[in-house]
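Asks: Just so it is clear, I am handing over upload_17.cif, which has mmCIF, C-alpha atoms.
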data_target
loop_
_atom_site.label_atom_id
_atom_site.label_comp_id
_atom_site.auth_asym_id
_atom_site.auth_seq_id
_atom_site.Cartn_x
_atom_site.Cartn_y
_atom_site.Cartn_z
CA MET A 76 -8.97 72.92 123.78
CA ASN A 77 -11.69 70.26 123.88
CA TRP A 78 -13.49 71.31 127.08
CA LYS A 79 -15.81 68.29 127.19
CA LYS A 80 -12.87 65.88 127.13
CA PHE A 81 -10.97 68.18 129.49
CA PHE A 82 -13.81 67.97 132.00
CA ILE A 83 -14.04 64.17 131.72
CA ALA A 84 -10.27 63.85 132.18
CA PHE A 85 -10.38 66.23 135.17
CA ILE A 86 -13.20 64.29 136.86
CA ALA A 87 -11.39 60.99 136.27
CA ALA A 88 -8.12 62.45 137.63
CA PHE A 89 -9.86 63.87 140.68
CA GLY A 90 -11.62 60.55 141.35
CA PHE A 91 -8.35 58.64 141.10
CA ILE A 92 -6.27 61.11 143.17
CA PHE A 93 -8.88 61.22 145.92
CA LEU A 94 -9.36 57.45 146.05
CA PHE A 95 -5.63 56.77 145.90
CA GLY A 96 -5.00 59.35 148.64
CA PHE A 97 -7.61 57.73 150.88
CA LEU A 98 -6.15 54.24 150.39
CA TRP A 99 -2.44 55.16 150.44
CA TYR A 100 -2.21 57.97 152.98
CA GLY A 101 -5.37 57.27 154.97
CA LYS A 102 -5.35 53.48 155.20
CA LEU A 103 -1.97 52.01 154.20
CA MET A 104 0.06 54.68 156.04
CA HIS A 105 -2.33 55.03 158.99
CA GLY A 106 -0.01 53.10 161.33
CA ALA A 107 3.03 55.12 160.31
CA HIS A 108 1.16 58.39 160.85
CA GLN A 109 0.06 57.27 164.32
CA GLU A 110 3.71 57.09 165.40
CA VAL A 111 3.63 60.91 165.62
CA PRO A 112 0.04 61.68 166.72
CA VAL A 113 0.89 65.23 167.79
CA LEU A 114 1.17 66.23 164.12
CA TRP A 115 -2.40 65.37 163.14
CA ARG A 116 -5.86 66.74 163.83
CA THR A 117 -8.25 64.62 165.89
CA GLU A 118 -10.95 62.69 164.00
CA ALA A 119 -13.58 65.30 164.92
CA ASP A 120 -11.35 68.23 163.96
CA PHE A 121 -10.42 66.50 160.70
CA GLY A 122 -14.14 66.14 159.94
CA ASN A 123 -14.52 69.91 160.35
CA HIS A 124 -11.73 70.51 157.82
CA PHE A 125 -12.72 67.80 155.34
CA SER A 126 -13.90 70.37 152.79
CA ALA A 127 -10.33 71.75 152.62
CA LEU A 128 -9.09 68.25 151.76
CA VAL A 129 -11.65 67.84 148.98
CA PHE A 130 -10.96 71.32 147.58
CA GLY A 131 -7.21 70.72 147.70
CA HIS A 132 -7.63 67.54 145.64
CA ILE A 133 -9.85 69.39 143.14
CA VAL A 134 -7.14 72.04 142.72
CA MET A 135 -4.40 69.42 142.23
CA ALA A 136 -6.47 67.47 139.67
CA PHE A 137 -7.31 70.67 137.80
CA PHE A 138 -3.67 71.75 137.70
CA LEU A 139 -2.48 68.38 136.38
CA THR A 140 -5.25 68.18 133.77
CA LEU A 141 -4.49 71.71 132.57
CA ALA A 142 -0.74 71.02 132.46
CA CYS A 143 -1.24 67.77 130.51
CA ALA A 144 -3.80 69.23 128.11
CA ARG A 145 -1.74 72.27 127.20
CA PHE A 146 1.89 71.35 127.61
CA VAL A 147 2.45 67.79 126.45
CA PRO A 148 2.79 68.26 122.70
CA ALA A 149 3.34 64.55 122.00
CA GLY A 150 0.28 63.66 124.05
CA GLY A 151 -0.92 60.23 125.13
CA ALA A 152 -0.69 58.34 128.39
CA GLY A 153 3.11 58.00 128.28
CA GLY A 154 3.85 61.70 127.79
CA CYS A 155 1.42 62.80 130.48
CA ALA A 156 2.68 60.11 132.89
CA THR A 157 6.20 61.54 132.41
CA LEU A 158 4.89 65.03 133.20
CA GLY A 159 3.13 63.53 136.23
CA ILE A 160 6.45 62.09 137.44
CA LEU A 161 8.16 65.48 137.05
CA VAL A 162 5.34 67.11 139.02
CA ALA A 163 5.71 64.39 141.67
CA LEU A 164 9.40 65.31 141.99
CA ILE A 165 8.34 68.82 142.99
CA TYR A 166 6.02 67.38 145.63
CA ALA A 167 8.85 65.06 146.73
CA GLY A 168 11.11 68.11 147.15
CA ALA A 169 8.44 69.70 149.34
CA ASP A 170 8.22 66.43 151.33
CA LEU A 171 11.98 66.52 151.99
CA ILE A 172 11.74 70.11 153.25
CA THR A 173 8.78 69.14 155.47
CA PHE A 174 10.84 66.23 156.83
CA ALA A 175 13.59 68.70 157.77
CA VAL A 176 11.30 71.01 159.73
CA GLN A 177 8.65 68.65 161.16
CA PRO A 178 9.30 65.61 163.37
CA LEU A 179 8.22 63.09 160.73
CA THR A 180 9.67 59.58 160.66
CA THR A 181 11.74 58.29 157.73
CA LYS A 182 8.96 55.75 157.10
CA ILE A 183 6.45 58.56 156.59
CA LEU A 184 8.83 60.46 154.30
CA CYS A 185 9.44 57.39 152.10
CA GLY A 186 5.71 56.61 152.03
CA TRP A 187 4.84 60.15 150.97
CA ILE A 188 7.45 60.25 148.20
CA ALA A 189 6.46 56.81 146.84
CA GLY A 190 2.80 57.86 147.03
CA ASP A 191 3.48 61.09 145.11
CA LEU A 192 5.31 59.27 142.32
CA ILE A 193 2.66 56.54 141.90
CA GLN A 194 -0.26 58.95 142.28
CA PHE A 195 0.87 61.54 139.75
CA ALA A 196 2.28 59.07 137.22
CA ILE A 197 -1.03 57.17 137.09
CA ALA A 198 -3.14 60.35 137.21
CA GLY A 199 -1.08 61.74 134.31
CA ALA A 200 -1.55 58.53 132.34
CA ILE A 201 -5.32 58.65 132.94
CA ILE A 202 -5.51 62.27 131.78
CA GLY A 203 -3.30 61.59 128.75
CA GLY A 204 -5.37 58.56 127.81
CA LEU A 205 -8.69 60.36 128.08
CA TYR A 206 -7.82 63.78 126.73
CA LYS A 207 -5.03 63.45 124.21
CA SER A 208 -6.10 60.29 122.43
CA ASP A 209 -9.38 61.93 121.48
CA SER A 210 -7.71 65.21 120.52
CA ARG A 211 -5.51 63.38 118.04
CA SER A 212 -8.36 61.45 116.52
CA THR A 213 -10.41 64.59 115.95
CA ALA A 214 -7.55 66.71 114.65
CA MET B 487 22.86 72.52 128.60
CA LYS B 488 24.95 75.47 129.79
CA ARG B 489 21.84 77.67 130.04
CA PHE B 490 19.97 74.84 131.78
CA ILE B 491 22.65 74.74 134.47
CA LEU B 492 22.78 78.54 134.75
CA ALA B 493 18.98 78.73 135.10
CA PHE B 494 19.07 75.99 137.74
CA ILE B 495 21.79 77.71 139.80
CA ALA B 496 20.18 81.17 139.63
CA ALA B 497 16.72 79.85 140.54
CA TYR B 498 18.17 77.71 143.33
CA ILE B 499 19.99 80.66 144.92
CA PHE B 500 16.79 82.73 144.80
CA LEU B 501 14.65 79.90 146.21
CA PHE B 502 17.09 79.36 149.08
CA LEU B 503 17.27 83.04 150.02
CA TRP B 504 13.51 83.57 149.68
CA GLY B 505 12.80 80.43 151.69
CA TRP B 506 15.02 81.72 154.48
CA LEU B 507 13.45 85.21 154.40
CA LEU B 508 9.85 83.95 154.25
CA ASN B 509 9.98 81.01 156.64
CA GLY B 510 12.92 81.95 158.84
CA VAL B 511 12.18 85.67 159.32
CA LEU B 512 8.75 86.87 158.11
CA LEU B 513 6.66 83.90 159.30
CA LYS B 514 8.76 83.07 162.35
CA ASP B 515 6.12 84.30 164.82
CA VAL B 516 3.30 82.41 163.07
CA TYR B 517 5.28 79.16 163.22
CA ALA B 518 5.99 79.83 166.89
CA GLN B 519 2.25 79.57 167.64
CA THR B 520 2.35 75.81 166.99
CA PRO B 521 5.71 74.67 168.45
CA ASN B 522 4.57 71.03 168.72
CA LEU B 523 4.41 70.75 164.93
CA TRP B 524 8.04 71.74 164.30
CA ARG B 525 11.47 70.43 165.11
CA THR B 526 13.53 72.52 167.52
CA GLN B 527 16.09 74.93 166.04
CA THR B 528 18.93 72.64 167.12
CA GLU B 529 17.25 69.57 165.66
CA MET B 530 16.51 71.40 162.40
CA LEU B 531 20.20 72.15 161.91
CA GLY B 532 20.86 68.41 161.88
CA PHE B 533 18.30 68.03 159.08
CA PHE B 534 19.40 71.11 157.15
CA HIS B 535 20.82 69.12 154.24
CA TRP B 536 17.32 67.78 153.52
CA ILE B 537 16.15 71.36 152.95
CA LEU B 538 18.99 71.89 150.46
CA ILE B 539 18.22 68.62 148.64
CA GLY B 540 14.47 69.31 148.63
CA GLN B 541 14.91 72.79 147.17
CA ALA B 542 17.34 71.45 144.56
CA LEU B 543 14.78 68.80 143.54
CA ILE B 544 12.03 71.41 143.20
CA VAL B 545 14.18 73.70 141.04
CA LEU B 546 15.49 70.80 138.92
CA ALA B 547 11.96 69.56 138.17
CA PHE B 548 10.82 73.13 137.46
CA VAL B 549 13.61 73.76 134.94
CA MET B 550 13.07 70.34 133.33
CA ILE B 551 9.35 70.99 132.84
CA TYR B 552 10.06 74.48 131.54
CA ALA B 553 12.66 73.16 129.10
CA SER B 554 10.33 70.41 127.86
CA GLY B 555 7.26 72.50 127.08
CA PHE B 556 7.63 76.20 127.80
CA ALA B 557 11.06 77.13 126.51
CA GLY B 558 11.17 79.99 124.01
CA GLY B 559 8.50 82.06 125.71
CA GLY B 560 10.98 83.94 127.89
CA ALA B 561 10.24 85.33 131.33
CA ILE B 562 6.47 85.54 130.70
CA ALA B 563 6.25 81.81 129.92
CA GLY B 564 8.31 81.11 133.04
CA ILE B 565 5.95 83.22 135.15
CA ARG B 566 2.94 81.34 133.70
CA LEU B 567 4.51 78.03 134.66
CA GLY B 568 5.32 79.40 138.10
CA ILE B 569 1.70 80.45 138.66
CA LEU B 570 0.51 77.03 137.47
CA PHE B 571 2.85 75.33 139.94
CA GLU B 572 1.72 77.54 142.78
CA ILE B 573 -1.88 76.51 142.08
CA ALA B 574 -0.76 72.90 142.54
CA ALA B 575 1.12 73.85 145.72
CA ILE B 576 -1.97 75.55 147.15
CA GLY B 577 -3.90 72.33 146.52
CA MET B 578 -1.25 70.39 148.41
CA ARG B 579 -1.20 72.91 151.27
CA MET B 580 -4.98 72.69 151.64
CA GLY B 581 -4.70 68.91 151.89
CA VAL B 582 -2.07 69.26 154.62
CA TYR B 583 -4.14 71.93 156.39
CA ALA B 584 -7.05 69.47 156.56
CA VAL B 585 -4.98 66.93 158.51
CA GLN B 586 -2.49 69.08 160.47
CA PRO B 587 -3.59 71.55 163.19
CA PHE B 588 -1.74 74.64 161.98
CA PRO B 589 -3.54 78.02 161.89
CA GLY B 590 -5.45 79.08 158.78
CA LYS B 591 -3.43 82.28 158.50
CA LEU B 592 -0.28 80.22 157.96
CA LEU B 593 -2.01 78.64 154.94
CA VAL B 594 -2.80 82.11 153.58
CA TYR B 595 0.63 83.65 154.26
CA ALA B 596 2.49 80.61 152.92
CA SER B 597 0.39 80.67 149.74
CA ILE B 598 1.04 84.40 149.17
CA GLY B 599 4.74 83.82 149.81
CA GLY B 600 4.66 80.77 147.56
CA LEU B 601 3.07 82.75 144.73
CA ILE B 602 5.78 85.42 144.93
CA GLU B 603 8.41 82.67 145.06
CA MET B 604 7.11 80.78 142.02
CA VAL B 605 6.53 83.93 139.92
CA ILE B 606 10.10 85.11 140.47
CA THR B 607 11.53 81.60 140.03
CA GLY B 608 9.64 81.32 136.74
CA ALA B 609 10.86 84.72 135.57
CA ILE B 610 14.47 83.80 136.37
CA VAL B 611 14.28 80.44 134.59
CA GLY B 612 12.42 81.92 131.61
CA ALA B 613 14.87 84.79 131.23
CA ILE B 614 17.98 82.59 131.40
CA TYR B 615 17.00 79.33 129.69
CA LYS B 616 16.74 79.45 125.89
CA PRO B 617 16.10 76.41 123.70
CA ALA B 618 18.86 75.32 121.35
CA PRO B 619 18.36 76.82 117.85
CA ALA B 620 16.80 74.41 115.35
CA ARG B 621 19.35 72.87 112.99
CA MET B 622 18.91 73.50 109.28
CA PRO B 623 18.84 70.36 107.10
#
Here is the file; what I need is its structure written in the form of structure tokens.

Replies:
Amino acid sequence: MNWKKFFIAFIAAFGFIFLFGFLWYGKLMHGAHQEVPVLWRTEADFGNHFSALVFGHIVMAFFLTLACARFVPAGGAGGCATLGILVALIYAGADLITFAVQPLTTKILCGWIAGDLIQFAIAGAIIGGLYKSDSRSTA
Amino acid sequence: MKRFILAFIAAYIFLFLWGWLLNGVLLKDVYAQTPNLWRTQTEMLGFFHWILIGQALIVLAFVMIYASGFAGGGAIAGIRLGILFEIAAIGMRMGVYAVQPFPGKLLVYASIGGLIEMVITGAIVGAIYKPAPARMP
């Protein structure tokens, strides 16, 4: 494994996932989330738990980078984007279960699933582009 | 394809039973500490089919990923994939914990339960699914 390229791909994936999450879930879906305010922490309480959000994104980016680097034999942006979509389906399954047990609206559910698919497909493509293309050229 | 379907069905049955045991029995009292965050029992029954569909989607994606890059390694390869997936799930849970006011111990218990769930799911899929033998020219 090329650890230098792995690290670059991981940082790029983390940067994208975090920024996309802020824009999609934090800004674009803000109105939808406010329809069920009882489910969310207050601004102040969220600030106290912000480190958990950052660490969670680091873990997700690391997992996806590791999965792409080791388990997409064909490599490249396309192969890793496909893996990203499959991973997003797992998150979408978890979203459906959450919808069944928490009083979320259908709008929130659809927004989360669409966000998962876009987020992980693009993150996978970024990782595949940065990591695999170089691995092939140096092989 | 036959083994793909068998692996899917076996893993799905396990995931359903474990999900019920973990969330419906073992963690029942922890969930009860934050009643505002959850649907009522009656309401949940009306949404029960979404749990079935969600679990089916998780198992389907798991078996597809296993079949596309892990197949041939047996139960050990399945367990490795399960652990990898649980790492991703812990990341997701931490993100949810940052925005939803559920207790920290629920995050810990759900992650331990999730690790057991994914290890056994991986072992089941890895033990049942075998790649098709390569054809000789």

Asks: Between atom CA of A:Thr140 and atom CA of B:Tyr552, measure the distance and give it in Å to one decimal.

Replies: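 Atom-to-atom, atom CA of A:Thr140 to atom CA of B:Tyr552, that is 16.7 Å.
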
Asks: Which residues of chain A are close to chain B, meaning at most 8 Å apart when you count only C-alpha atoms, and how do they look as a VMD selection string?

Replies: chain A and resid 113 to 116 121 124 to 135 138 to 139 142 146 to 148 158 161 to 162 164 to 172 174 to 178

Asks: Find the residues around stretch 88-96 of chain A up to 7 Å (all atoms listed in the file counted), leave out those fewer than 5 positions away in its own chain, and share them as a list in words.

Replies: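 Listing them by chain and then by number gives Gly101, His132, Ile133, Ala136, Gln194, Ala198, Ile201 and Ile202 of chain A.
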
Asks: Between A:Phe195, A:Phe137, A:Tyr100, A:Trp187, which is the closest to A:Ile86 once you count all atoms listed in the file?

Replies: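 Of A:Phe195, A:Phe137, A:Tyr100, A:Trp187, the one nearest A:Ile86 is A:Phe137, counting all atoms listed in the file.
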
Asks: Between atom CA of A:Ala156 and atom CA of B:Phe490, measure the distance and give it in Å to one decimal.

Replies: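 Computing it gives 22.7 Å between the two atoms.
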
Asks: Could you list the residues chosen by the PyMOL selection byres ((chain B and resi 601-608) around 8) in this structure as number ranges by chain?

Replies: B: 497, 500-501, 504, 561, 563-569, 571-572, 597-600, 609-612

Asks: Around stretch 594-603 of chain B, fit a box with edges along x, y and z, padding it by 4 Å on each side, then list its centre and edge lengths in Å to one decimal as JSON.

Replies:
{"center_x": 2.8, "center_y": 83.0, "center_z": 149.5, "size_x": 19.2, "size_y": 12.8, "size_z": 17.5}

Asks: Between A:Gly122, A:Gly159, A:Pro112, A:Gly106, which one has atoms that come closest to A:Ala200, using all atoms listed in the file?

Replies: A:Gly159

Asks: Work out how far atom CA of B:Tyr517 is from atom CA of B:Lys591, in Å to one decimal.

Replies: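 These atoms are spaced 10.4 Å apart.
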
Asks: Evaluating the PyMOL selection byres ((chain A and resi 76) around 9) on the displayed file yields which residues, as a list in words?

Replies: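 Against this file, the PyMOL selection byres ((chain A and resi 76) around 9) returns the residues Asn77, Trp78, Lys79, Lys80, Phe81, Ala144, Arg145 and Ser210 of chain A.
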